Every structure is written in C-alpha cells, then in structure tokens.
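J.: My structure is in input20.cif, and what it holds is mmCIF, C-alpha atoms and all ligand atoms:
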```
data_entry
loop_
_atom_site.label_atom_id
_atom_site.label_comp_id
_atom_site.auth_asym_id
_atom_site.auth_seq_id
_atom_site.Cartn_x
_atom_site.Cartn_y
_atom_site.Cartn_z
CA MET H 1 130.81 39.00 193.71
CA TYR H 2 129.59 40.70 190.59
CA ILE H 3 131.23 43.04 188.09
CA LYS H 4 129.04 44.60 185.43
CA SER H 5 130.14 45.04 181.83
CA GLN H 6 131.72 48.28 180.63
CA ARG H 7 128.81 48.62 178.23
CA VAL H 8 126.32 48.72 181.08
CA ALA H 9 128.60 50.87 183.23
CA ASN H 10 128.77 53.44 180.42
CA ILE H 11 125.02 53.87 180.15
CA PRO H 12 123.85 57.06 181.84
CA PRO H 13 121.14 56.47 184.48
CA TYR H 14 117.67 56.32 182.95
CA LEU H 15 116.41 59.80 183.69
CA PHE H 16 112.85 58.67 184.18
CA SER H 17 113.86 56.36 187.02
CA GLU H 18 115.42 59.32 188.84
CA ILE H 19 112.30 61.39 188.35
CA ASN H 20 110.23 58.44 189.57
CA ARG H 21 112.32 58.18 192.73
CA LYS H 22 111.78 61.87 193.44
CA LYS H 23 108.07 61.43 192.72
CA GLN H 24 107.85 58.55 195.22
CA GLU H 25 109.59 60.69 197.85
CA LEU H 26 107.09 63.52 197.40
CA ILE H 27 104.12 61.14 197.49
CA GLU H 28 105.42 59.69 200.77
CA GLN H 29 105.53 63.27 202.12
CA GLY H 30 101.85 63.58 201.26
CA VAL H 31 102.24 65.75 198.13
CA ASP H 32 99.54 65.33 195.44
CA VAL H 33 101.92 64.86 192.52
CA ILE H 34 100.66 65.66 189.00
CA ASP H 35 102.74 63.64 186.55
CA LEU H 36 103.00 65.26 183.12
CA GLY H 37 106.27 63.47 182.58
CA ILE H 38 105.43 59.98 181.41
CA GLY H 39 104.50 59.17 177.84
CA CYS H 40 101.83 56.69 178.75
CA PRO H 41 98.19 57.32 177.72
CA ASP H 42 95.66 57.47 180.58
CA LEU H 43 92.76 56.39 178.35
CA PRO H 44 91.63 52.75 178.53
CA THR H 45 92.22 50.13 175.83
CA PRO H 46 88.96 50.06 173.79
CA ALA H 47 86.51 47.36 174.98
CA HIS H 48 86.30 45.39 171.71
CA ILE H 49 90.05 44.71 171.87
CA ILE H 50 89.82 43.42 175.44
CA GLU H 51 86.83 41.23 174.48
CA ARG H 52 88.85 39.56 171.75
CA LEU H 53 91.65 38.87 174.24
CA LEU H 54 89.21 37.28 176.71
CA GLU H 55 87.70 35.14 173.98
CA GLU H 56 91.10 33.88 172.81
CA MET H 57 92.05 33.11 176.41
CA LYS H 58 89.47 30.30 176.35
CA ASP H 59 91.29 28.35 173.65
CA PRO H 60 94.13 26.17 175.03
CA ASN H 61 95.76 26.07 171.57
CA ASN H 62 96.64 29.71 172.15
CA PHE H 63 98.83 28.92 175.15
CA LYS H 64 101.63 27.42 173.09
CA TYR H 65 104.65 29.27 171.74
CA SER H 66 103.85 31.65 168.92
CA GLY H 67 105.87 31.32 165.71
CA TYR H 68 109.12 33.31 165.96
CA SER H 69 107.99 35.95 163.50
CA GLY H 70 104.58 36.25 165.16
CA CYS H 71 101.18 34.73 164.43
CA GLN H 72 99.83 34.79 160.89
CA GLU H 73 96.64 36.65 161.79
CA PHE H 74 98.54 39.55 163.34
CA ARG H 75 100.97 39.90 160.43
CA GLU H 76 98.08 39.81 157.96
CA ALA H 77 96.30 42.48 160.02
CA VAL H 78 99.38 44.73 159.76
CA ALA H 79 99.40 44.18 155.98
CA LYS H 80 95.70 45.13 155.75
CA PHE H 81 96.30 48.20 157.88
CA TYR H 82 99.18 49.36 155.62
CA LYS H 83 97.11 48.80 152.50
CA LYS H 84 94.14 50.73 153.84
CA GLN H 85 96.02 53.54 155.57
CA PHE H 86 98.96 54.08 153.16
CA ASN H 87 98.15 52.05 150.05
CA VAL H 88 101.39 50.12 150.67
CA ASP H 89 101.46 46.38 149.86
CA LEU H 90 103.42 44.24 152.29
CA ASP H 91 104.11 40.51 152.22
CA PRO H 92 103.16 39.16 155.69
CA GLU H 93 105.74 36.37 155.33
CA THR H 94 108.85 38.44 154.59
CA GLU H 95 108.06 42.10 155.17
CA ILE H 96 106.32 42.05 158.58
CA LEU H 97 107.61 40.93 161.96
CA THR H 98 105.75 40.89 165.28
CA LEU H 99 107.52 42.74 168.09
CA ILE H 100 107.08 42.61 171.87
CA GLY H 101 106.51 46.36 171.77
CA SER H 102 108.41 48.51 169.29
CA LYS H 103 111.08 49.41 171.87
CA GLU H 104 112.19 45.77 171.89
CA GLY H 105 112.48 45.76 168.10
CA ILE H 106 114.32 49.08 167.98
CA ALA H 107 116.92 47.92 170.51
CA HIS H 108 117.43 44.53 168.86
CA PHE H 109 117.56 46.08 165.41
CA ILE H 110 120.68 47.97 166.42
CA SER H 111 122.53 44.83 167.53
CA ALA H 112 121.28 43.08 164.39
CA SER H 113 122.74 45.82 162.19
CA ILE H 114 125.96 47.23 163.60
CA ASP H 115 129.43 45.99 164.49
CA PRO H 116 131.59 47.49 167.25
CA GLY H 117 132.76 50.94 166.17
CA ASP H 118 129.97 51.56 163.67
CA PHE H 119 128.01 54.79 163.90
CA VAL H 120 124.27 55.22 164.37
CA LEU H 121 122.76 58.54 163.32
CA LEU H 122 120.03 59.61 165.70
CA PRO H 123 117.74 62.57 166.25
CA ASP H 124 118.70 64.88 169.11
CA PRO H 125 116.45 65.51 170.98
CA GLY H 126 115.13 61.99 170.57
CA TYR H 127 113.88 58.82 172.21
CA PRO H 128 116.68 57.71 174.60
CA THR H 129 116.59 54.02 173.56
CA TYR H 130 118.31 54.77 170.21
CA ARG H 131 121.38 56.00 172.07
CA THR H 132 121.52 53.44 174.89
CA ALA H 133 120.92 50.47 172.58
CA THR H 134 123.78 51.77 170.42
CA PHE H 135 126.06 51.76 173.48
CA LEU H 136 124.94 48.22 174.31
CA ALA H 137 126.02 47.11 170.84
CA ASN H 138 129.42 48.84 171.23
CA GLY H 139 128.51 51.40 168.58
CA PHE H 140 128.84 55.17 168.51
CA PRO H 141 125.78 57.43 168.47
CA TYR H 142 125.99 60.51 166.27
CA SER H 143 123.50 63.28 167.05
CA MET H 144 121.60 64.94 164.24
CA PRO H 145 120.43 68.23 165.79
CA LEU H 146 116.70 68.88 165.49
CA LEU H 147 116.30 72.64 165.56
CA ARG H 148 113.13 74.63 165.90
CA GLY H 149 114.22 76.84 162.99
CA ASN H 150 114.22 73.76 160.73
CA GLN H 151 110.86 72.42 161.98
CA TYR H 152 112.80 69.82 164.00
CA LEU H 153 113.89 67.98 160.85
CA PRO H 154 117.56 66.88 160.56
CA ASP H 155 119.78 68.61 158.01
CA PHE H 156 121.53 65.75 156.17
CA SER H 157 123.87 68.13 154.34
CA ILE H 158 125.83 68.97 157.52
CA ILE H 159 126.73 65.35 158.38
CA PRO H 160 130.51 65.01 157.79
CA SER H 161 131.67 62.49 155.15
CA HIS H 162 133.73 60.40 157.58
CA ILE H 163 130.62 59.93 159.73
CA LYS H 164 128.46 59.03 156.73
CA GLU H 165 131.04 56.39 155.78
CA LYS H 166 130.94 54.75 159.19
CA ALA H 167 127.18 55.10 159.78
CA LYS H 168 125.08 51.99 159.24
CA ILE H 169 121.68 53.05 160.53
CA MET H 170 119.83 56.32 160.84
CA PHE H 171 116.88 56.72 163.20
CA LEU H 172 114.00 59.02 162.39
CA ASN H 173 110.82 59.50 164.41
CA TYR H 174 107.73 61.41 163.16
CA PRO H 175 105.40 62.44 164.68
CA SER H 176 108.26 63.05 167.04
CA ASN H 177 108.79 62.33 170.67
CA PRO H 178 109.68 64.71 172.30
CA THR H 179 109.30 67.62 169.84
CA ALA H 180 105.79 66.70 168.56
CA ALA H 181 106.97 67.76 165.08
CA VAL H 182 105.70 65.97 161.97
CA ALA H 183 107.29 65.14 158.61
CA GLY H 184 105.72 65.05 155.16
CA HIS H 185 106.24 62.92 152.04
CA GLU H 186 108.86 65.30 150.75
CA PHE H 187 111.08 64.90 153.79
CA PHE H 188 110.77 61.12 153.78
CA GLN H 189 111.73 61.05 150.10
CA GLU H 190 114.74 63.22 150.85
CA ALA H 191 115.74 60.85 153.69
CA VAL H 192 115.37 57.77 151.47
CA ASP H 193 117.45 59.39 148.70
CA PHE H 194 120.13 60.37 151.22
CA SER H 195 120.32 56.89 152.68
CA ARG H 196 120.47 55.16 149.27
CA GLU H 197 123.28 57.45 148.26
CA ASN H 198 125.24 56.76 151.45
CA GLN H 199 124.23 53.14 152.07
CA ILE H 200 122.70 53.82 155.43
CA THR H 201 119.60 51.91 156.52
CA ILE H 202 116.73 54.03 157.84
CA ALA H 203 114.88 52.90 160.94
CA HIS H 204 111.72 54.99 161.14
CA ASP H 205 110.06 54.91 164.55
CA ALA H 206 106.37 55.50 163.84
CA ALA H 207 105.00 55.07 167.38
CA TYR H 208 102.74 58.17 167.01
CA GLN H 209 101.78 57.64 163.36
CA MET H 210 98.05 57.56 164.16
CA VAL H 211 98.04 60.18 166.94
CA THR H 212 97.45 63.24 164.77
CA PHE H 213 95.21 66.34 164.73
CA ASP H 214 93.59 69.00 162.63
CA GLY H 215 93.03 66.72 159.65
CA TYR H 216 96.74 65.99 159.37
CA GLN H 217 97.57 62.39 158.36
CA SER H 218 101.04 61.09 158.98
CA PRO H 219 102.63 59.33 156.00
CA SER H 220 104.55 56.06 156.14
CA ILE H 221 108.18 56.22 155.03
CA LEU H 222 107.42 53.14 152.91
CA GLN H 223 105.38 55.38 150.61
CA ALA H 224 108.60 57.02 149.42
CA GLU H 225 110.08 55.78 146.16
CA GLY H 226 112.81 53.20 146.75
CA ALA H 227 112.05 53.04 150.49
CA ARG H 228 111.84 49.27 150.58
CA GLU H 229 115.49 49.04 149.55
CA VAL H 230 116.69 50.98 152.57
CA ALA H 231 114.00 51.43 155.20
CA VAL H 232 112.34 49.65 158.07
CA GLU H 233 109.38 51.18 159.90
CA PHE H 234 108.61 50.37 163.53
CA GLY H 235 104.95 50.50 164.53
CA SER H 236 103.32 50.23 167.91
CA LEU H 237 99.81 49.71 169.22
CA SER H 238 100.82 51.28 172.55
CA LYS H 239 99.89 54.88 171.85
CA THR H 240 97.26 54.51 169.11
CA TYR H 241 95.03 52.13 171.07
CA SER H 242 96.24 52.86 174.62
CA MET H 243 97.90 49.44 174.87
CA THR H 244 101.29 50.27 176.42
CA GLY H 245 101.35 47.38 178.89
CA TRP H 246 100.23 44.82 176.32
CA ARG H 247 103.65 44.93 174.63
CA ILE H 248 102.74 44.61 171.00
CA GLY H 249 104.20 46.26 167.91
CA TYR H 250 105.67 45.39 164.53
CA ALA H 251 108.53 46.05 162.13
CA VAL H 252 107.81 46.34 158.39
CA GLY H 253 109.84 47.04 155.27
CA ASN H 254 113.20 45.84 153.94
CA ARG H 255 113.34 42.02 153.94
CA ASP H 256 117.04 41.61 154.61
CA ALA H 257 116.86 43.98 157.56
CA LEU H 258 113.88 42.11 159.00
CA LYS H 259 115.58 38.77 158.46
CA SER H 260 118.60 39.97 160.40
CA LEU H 261 116.36 41.31 163.18
CA SER H 262 114.53 37.98 163.35
CA VAL H 263 117.84 36.11 163.77
CA VAL H 264 118.57 38.19 166.89
CA LYS H 265 115.01 37.88 168.14
CA SER H 266 114.69 34.15 167.62
CA ASN H 267 117.71 33.74 169.89
CA VAL H 268 116.42 35.96 172.67
CA ASP H 269 112.63 35.66 172.65
CA THR H 270 109.82 33.59 171.18
CA SER H 271 107.44 36.37 170.16
CA GLN H 272 104.36 37.57 172.03
CA PHE H 273 101.51 35.61 173.70
CA ILE H 274 99.12 34.52 170.93
CA PRO H 275 95.91 35.97 172.47
CA ILE H 276 97.61 39.38 172.66
CA GLN H 277 98.59 39.17 168.99
CA LYS H 278 95.05 38.20 168.00
CA ALA H 279 93.50 41.01 170.04
CA ALA H 280 96.00 43.38 168.39
CA ALA H 281 94.88 42.08 164.98
CA THR H 282 91.34 43.05 165.94
CA ALA H 283 92.59 46.49 166.98
CA LEU H 284 94.20 47.09 163.56
CA THR H 285 91.39 45.77 161.38
CA ASP H 286 88.13 46.37 163.28
CA ASP H 287 86.29 49.64 163.87
CA GLN H 288 88.79 52.53 164.01
CA THR H 289 86.49 55.17 165.54
CA CYS H 290 88.32 54.83 168.87
CA ILE H 291 91.36 56.50 167.28
CA ALA H 292 89.42 59.60 166.27
CA GLU H 293 87.75 59.68 169.69
CA TYR H 294 91.04 59.51 171.58
CA ASN H 295 92.73 62.02 169.28
CA GLU H 296 89.85 64.43 169.92
CA ILE H 297 90.48 64.13 173.67
CA TYR H 298 94.20 64.87 173.23
CA LYS H 299 93.30 67.74 170.93
CA GLN H 300 91.06 69.36 173.56
CA ARG H 301 93.74 68.99 176.21
CA ARG H 302 96.37 70.39 173.85
CA LYS H 303 94.19 73.39 173.02
CA TRP H 304 93.64 74.13 176.69
CA MET H 305 97.31 73.70 177.59
CA LEU H 306 98.63 75.85 174.73
CA LYS H 307 96.38 78.70 175.78
CA ALA H 308 97.44 78.38 179.43
CA LEU H 309 101.12 78.35 178.47
CA GLN H 310 100.66 81.42 176.33
CA GLU H 311 99.08 83.22 179.29
CA LEU H 312 102.09 82.29 181.40
CA GLY H 313 104.41 83.67 178.72
CA ILE H 314 105.80 80.24 177.86
CA GLU H 315 106.39 79.67 174.17
CA ALA H 316 105.27 76.45 172.48
CA ASP H 317 104.36 75.41 168.95
CA SER H 318 100.99 73.86 168.21
CA PRO H 319 101.79 70.24 167.38
CA LYS H 320 100.02 68.23 164.67
CA GLY H 321 100.92 64.87 166.16
CA SER H 322 101.76 62.94 169.36
CA PHE H 323 100.34 63.79 172.78
CA PHE H 324 103.26 65.99 173.79
CA ILE H 325 103.86 69.71 173.94
CA TRP H 326 107.47 70.81 173.47
CA ALA H 327 107.77 74.13 175.25
CA THR H 328 110.48 76.70 175.79
CA VAL H 329 111.96 77.00 179.26
CA PRO H 330 111.65 80.54 180.75
CA LYS H 331 114.98 82.30 180.15
CA VAL H 332 116.01 82.50 183.82
CA PHE H 333 116.38 78.70 184.05
CA SER H 334 118.24 75.86 182.41
CA SER H 335 116.04 72.87 181.51
CA SER H 336 117.02 70.85 184.54
CA GLU H 337 116.79 73.80 186.96
CA PHE H 338 113.34 74.59 185.66
CA VAL H 339 112.08 71.03 186.01
CA LYS H 340 113.57 70.69 189.50
CA ASN H 341 111.95 73.99 190.56
CA VAL H 342 108.56 73.00 189.16
CA LEU H 343 108.66 69.62 190.90
CA GLU H 344 109.85 70.90 194.28
CA LYS H 345 107.64 73.99 194.42
CA THR H 346 104.47 72.65 192.79
CA GLY H 347 104.56 68.84 192.79
CA VAL H 348 104.16 68.87 189.00
CA ILE H 349 106.41 66.63 186.91
CA VAL H 350 107.50 67.73 183.44
CA THR H 351 110.48 66.32 181.54
CA PRO H 352 113.63 68.38 180.91
CA GLY H 353 114.55 68.62 177.23
CA THR H 354 118.06 67.45 178.07
CA ALA H 355 116.65 63.99 178.94
CA PHE H 356 116.43 63.55 175.16
CA GLY H 357 119.87 64.88 174.22
CA GLU H 358 121.99 68.01 174.42
CA TYR H 359 119.90 69.82 171.80
CA GLY H 360 116.95 69.57 174.17
CA GLU H 361 118.51 72.28 176.34
CA GLY H 362 116.16 75.24 176.66
CA TYR H 363 113.03 73.10 176.34
CA PHE H 364 110.77 70.91 178.44
CA ARG H 365 108.17 68.32 177.48
CA ILE H 366 104.60 68.18 178.72
CA SER H 367 102.71 64.95 178.29
CA LEU H 368 98.95 65.39 177.79
CA SER H 369 98.22 62.05 179.38
CA VAL H 370 96.06 63.33 182.24
CA PRO H 371 92.52 64.80 182.19
CA THR H 372 92.09 68.54 181.59
CA GLU H 373 91.14 69.15 185.26
CA ARG H 374 94.57 67.89 186.28
CA LEU H 375 96.24 70.06 183.64
CA GLN H 376 94.34 73.01 185.10
CA GLN H 377 95.52 72.23 188.63
CA ALA H 378 99.10 71.92 187.38
CA ILE H 379 98.97 75.31 185.66
CA ASP H 380 97.29 76.95 188.68
CA ARG H 381 100.11 75.75 190.91
CA ILE H 382 102.80 76.91 188.49
CA ARG H 383 101.14 80.31 188.17
CA SER H 384 100.86 80.86 191.92
CA LYS H 385 104.09 79.27 193.15
CA LEU H 386 106.73 79.87 190.52
CA VAL H 387 108.45 83.07 189.41
CA LEU H 388 108.93 82.68 185.68
CA SER H 389 110.79 85.86 184.85
CA VAL H 390 113.29 88.26 186.38
C1 LIG H 401 106.45 54.92 173.41
C2 LIG H 401 107.48 54.97 172.38
C3 LIG H 401 108.02 53.79 171.82
C4 LIG H 401 107.80 52.42 172.40
O1 LIG H 401 106.59 51.91 172.26
P1 LIG H 401 106.31 50.41 172.62
O2 LIG H 401 105.71 49.85 171.38
O3 LIG H 401 105.37 50.46 173.77
O4 LIG H 401 107.59 49.72 172.97
C5 LIG H 401 108.91 53.91 170.76
N1 LIG H 401 109.28 55.11 170.31
C6 LIG H 401 108.81 56.23 170.82
C7 LIG H 401 109.27 57.52 170.25
C8 LIG H 401 107.90 56.21 171.88
O5 LIG H 401 107.48 57.36 172.43
#
```
If you took the structure in this file and wrote it as structure tokens, what would it be?
T.:
Amino acid sequence: MYIKSQRVANIPPYLFSEINRKKQELIEQGVDVIDLGIGCPDLPTPAHIIERLLEEMKDPNNFKYSGYSGCQEFREAVAKFYKKQFNVDLDPETEILTLIGSKEGIAHFISASIDPGDFVLLPDPGYPTYRTATFLANGFPYSMPLLRGNQYLPDFSIIPSHIKEKAKIMFLNYPSNPTAAVAGHEFFQEAVDFSRENQITIAHDAAYQMVTFDGYQSPSILQAEGAREVAVEFGSLSKTYSMTGWRIGYAVGNRDALKSLSVVKSNVDTSQFIPIQKAAATALTDDQTCIAEYNEIYKQRRKWMLKALQELGIEADSPKGSFFIWATVPKVFSSSEFVKNVLEKTGVIVTPGTAFGEYGEGYFRISLSVPTERLQQAIDRIRSKLVLSV
C-alpha cells in the first residue's frame, strides 16, 4: 500500500511528460515527429571539454566524494569567469557553490529559504520548477505577469503590500525562458532596490546568460549596486556549452543564502562527480570560441524561422537571447488547441504558452534546437496542413 503526500498530489502533471507520451504514440504509428518543444540543445559538447573529462577519468583520486560545496578548481573557474565576463569579484570559498545542474539548486534554494505559508514571487510565464518547488516546500507561488507591452519585465509597483510582506524570494530569469526577452542593468538595479526595500531575496536564473545575439551581452545581476546583500544568481553550463546531461551548474552571490542552500544540499547530495566538475572548469576558463560558434548557429536558425513565421502571418518578436522564439497563437485557437492541432495534423511539437503559466495564454514557444532543414520541414507541414485563419 502506498499513499502519496498532499504536496505531491497537488502538483499538476509535468506538461512535458504528457507531450512526450503523445510523441511516443505518434512515433509508434510511424509519424516522423519534429520536436520543437524541448529546451535541449542538439549541438555536441565541444571536444576539448570531453577530452578533459576523459583525462580526469584516469585518476583514481577523482572517484572519491567531492567536497560538499564542490571541488576547488571548479569554484575558482566560476570566479575567473565572473571576473572576466562581468568584472565581479567572488570568493570561491563563500560566494560560489557547485550545483548538480541549476534546476537542482533552484529547487533546493526554495526549501532552504521559505517556511510553510511563505510566498514566492515568480515570473508568469516562467520556468515551471519555480512553482512546483514552491508547492513542495508548502509555500504559495505568486505570479508576476510578464506582458509583451512591458517587454516581458515584471511591474513591481502592482504587487500588493500584503503579498510583499509575506514574500521571501523572488525569481527572475533573463534571457528568459520561455519569452526570450532580455533585461538590462537598469532593470536589475530596479529589482535589487525593490528587494532591499521589501526584504525579499532575489534568485536570478541565468541559464541563458551566454546565449545571446546581435552583439547583445547579458549582464549579471551581481553587477547591480547592493546586489550581494540580496541576490543569488544561478548559472548553468547546460545551454552555453551544450552540456545538459552532464548536470553541472553553480550558485553565486549572497553568502548567507548560499550557506543555507548548502545545509539543504549537504543533507541530500554530495555534489557532482569530480571529473565532471574539472571538465566544467575547463569549459569556463579555456577557449570560448565555441560559444560564439553555437550562438551563430542559433542566430541563423532564428533568422530563418522568424521570416517563415512572418510569411505565415504569425507574430513573433526577434529575441536577443536564448534559443527560443515566443510567438503569438493565431486568433482562432487557444494555446492548447493550437498545439494539439499542430501535433495531430503535422507531427510537429511546439509548447503551449500555458505550460509556463496563465499569462502564457495566446502564445506558443518554438525551440530552435534542431537543424534548419528540420525547421523548414516543420514550417512546410504547417503551411500545407493547417488553416491558420478564419
Ligand atoms: C534549462 C533551464 C534550467 C536548468 O538547467 P540545468 O542547469 O540543466 O538544470 C534552468 N532554468 C531555465 C530557465 C532553463 O531553461
């Protein structure tokens, strides 16, 4: 006999698992499914990173437990990366923590920071983990609407006082998944000022910090004045270096927040495999030309896709970061109807905006994680098999 907890029972089904089930069904029927739904890069991890892993695999000393906060070399590599990229000085001992992928750190940071009944401010549409991890910690999520008219930035001035009083953490995520919007120094300063005033800790999810285009460079929230008092930034090697399955990321910033996170972590995991951390250190400190190369590939795909969407009469902004396109659903459909129609009629998977929150209604997300030929096939099928207007 088994009875699950109310916390787990209250979590809505992970939308991507439902889409995956449908995908499997279609594949079994012989359909050539084109998956523009998942946020996982198709490009390989650069060879020099793999070589370092293989080399470290030969040293038996590397097969022991890593230190709880991660290996020294990796934390120092993160510090070097922050200095070079953002001119931010970080102490590898107290201001940097190794994560088993940033998702792990984000989820554990919520249980490290809130008590039952506390509120967590989160972007809507936004990465679903913020919401579900809040439920798992018996907290209440509070949606900050991200509207196109406000460049998908939250408006802090409309958050009611009683919510601000009960909120302990606020999630931000730029470049944003799913909206592909970016934020500048000015916005981050505004966010830091807001959170100092209201004693709310900022958790900035910077998973796409290095996936940017057109000369745009994404700032770190730690560049804002006073940020270290109130902010933690979550970084990931998954998207930047195509290392999703490696499970390696980091948290940087406020010491007390990181200490609290490390208390939770040291009781549930013992950090990442040392060779993976060392290979990740190489990724952060060695030749960075792979980033520009990969971003150029996403940029070409994006350019092609934006033009194709425009020809279909589908509206989308030209993003400066991430490998997503956030597009407007043709008026005759709701988000979920549209996605269901596209999948059933064309075998193409896109993600409904509502998978990321109620304010995602009216939008869908395209992931540019397949080669341009596949994008072309997807658009050809949509053009020939779907009626997009009345
Ligand atoms: C992919 C993704 C993550 C998780 O990355 P990992 O480091 O692989 O856990 C976190 N946040 C956002 C917004 C993402 O898209």
J.: Which residue, H:Gln277, H:Asn173, H:Thr289, H:Ser335, has the smallest gap to ligand LIG 401 (chain H) when you use only C-alpha atoms and all ligand atoms?
T.: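 Of all the options, H:Asn173 lies closest to ligand LIG 401 (chain H).
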J.: CA of Glu361 (chain H) and CA of Pro175 (chain H) are how many Å apart?
T.: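 Going from CA of Glu361 (chain H) over to CA of Pro175 (chain H), I get 20.1 Å.
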J.: Kindly work out which residues sit at most 10 Å from ligand LIG 401 (chain H), using all atoms listed in the file, and give the list as JSON, numbers by chain.
T.: {"H": [38, 39, 40, 41, 99, 100, 101, 102, 103, 104, 105, 106, 107, 126, 127, 128, 129, 130, 172, 173, 174, 175, 176, 177, 178, 180, 204, 205, 206, 207, 208, 234, 235, 236, 237, 238, 239, 240, 242, 243, 244, 245, 246, 247, 248, 249, 250, 322, 323, 324]}
J.: Smallest atom-to-atom distance to Thr94 (chain H): which of H:Glu296, H:Asp214, H:Asp256, H:Asp115, using all atoms listed in the file?
T.: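 Among the listed residues, H:Asp256 lies closest to Thr94 (chain H).
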J.: Determine the nearest neighbour of Asn87 (chain H) from the options H:Gly362, H:Lys299, H:Pro219, H:Thr328, counting all atoms listed in the file.
T.: H:Pro219
J.: CA of Thr179 (chain H) and CA of Gly321 (chain H), how far apart in Å?
T.: 9.6 Å
J.: Pick from H:Glu293, H:Glu95, H:Glu51, H:Asp118: nearest to Arg255 (chain H), with all atoms listed in the file counted?
T.: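 The closest residue to Arg255 (chain H) is H:Glu95.
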J.: By how many Å are CA of Val264 (chain H) and CA of Pro116 (chain H) apart?
T.: 16.0 Å
